[in-house]
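First up is the structure itself, then whatever we jot down about it.
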Amino acid sequence: MLTVEDTAEHFDLTSGTIRSWIKRGVLPAQRINRQYRLAWEDIWACEKGPMPKGQRLERYRKPLMSKSRVAEKLRVSVKTIERMIGAGLPTRNAFGSVRINPDDAKDWIHAHLEFELAEEWYV
């Protein structure tokens with residue numbers, strides 16, 4: 001189970017936004033010892049993308065990145081990232097915000113741009 005802070009980090013959002021979604025019933029959570037806890041299955045269900053299964057579970061537990069964060073890490077413009085998305089870079093849509101899994105980005109960049117990123121390029 002994840003805390004509100006863990007969930008906010010995963011979506012690259014603020015804790016206040018996550019709490020607001022929980023209170024409005026948009027994001028399911030359980031209250032344990034006066035703190036909200038969220039299940040991975042509920043988090044993935046909020047992302048418009050394939051539900052991870054089997055060996056892909058760990059891959060999709062990594063924090064998602066915004067377009068601007070990916071652009072910053074790759075030292076390119078947000079417009080370049082948007083062009084990459086248009087060309088097929090996989091994204092996840094979380095509550096209307098485009099988010100990118102770092103492993104999906106790494107695989108796509110390697111396959112389509114023939115450029116190898118370091119394993120932990122997003123840190």
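Labels for the structure tokens follow display order: chains A, B, ..., residues from 1 in each chain, ligands from 1.
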
task = Compile the contact shell of range 12-25 of chain A as an MDAnalysis selection string: residues with an atom at most 12 Å away, counting only C-alpha atoms, same-chain residues fewer than 4 positions apart removed.
result = chainID A and resid 2:8 29:31 35:38 42:43 46 62:70 94:95 97:101

request  = Enumerate the residues of range 26-66 of chain A with a DSSP assignment of strand (DSSP E or B), computed from the backbone, and present them as a PyMOL selection string.
outcome  = chain A and resi 30-32+35-38+47-48+65

task = Find the spatial neighbours of Lys106 in chain A, counting only C-alpha atoms, within a cut-off of 8 Å - ignore same-chain residues fewer than 3 positions away - and output them as a PyMOL selection string.
result = chain A and resi 102-103+109-110+116-117

Atoms to include: C-alpha atoms. Write the selected residues as a compact mmCIF listing (two decimals), in the first residue's frame.
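What landed in again.txt:
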# COMPACT_ATOMS: atom_id res chain seq x y z
CA PRO A 102 11.04 6.23 -17.77
CA ASP A 103 11.54 2.64 -18.96
CA ILE A 109 14.38 6.14 -27.70
CA HIS A 110 16.68 3.16 -28.19
CA GLU A 116 21.17 4.27 -25.65
CA LEU A 117 20.33 6.01 -22.38

remark   = Counting only C-alpha atoms, closest pick from A:Glu72, A:Asp104, A:Leu27, A:Leu89 relative to Arg56 in chain A is A:Asp104
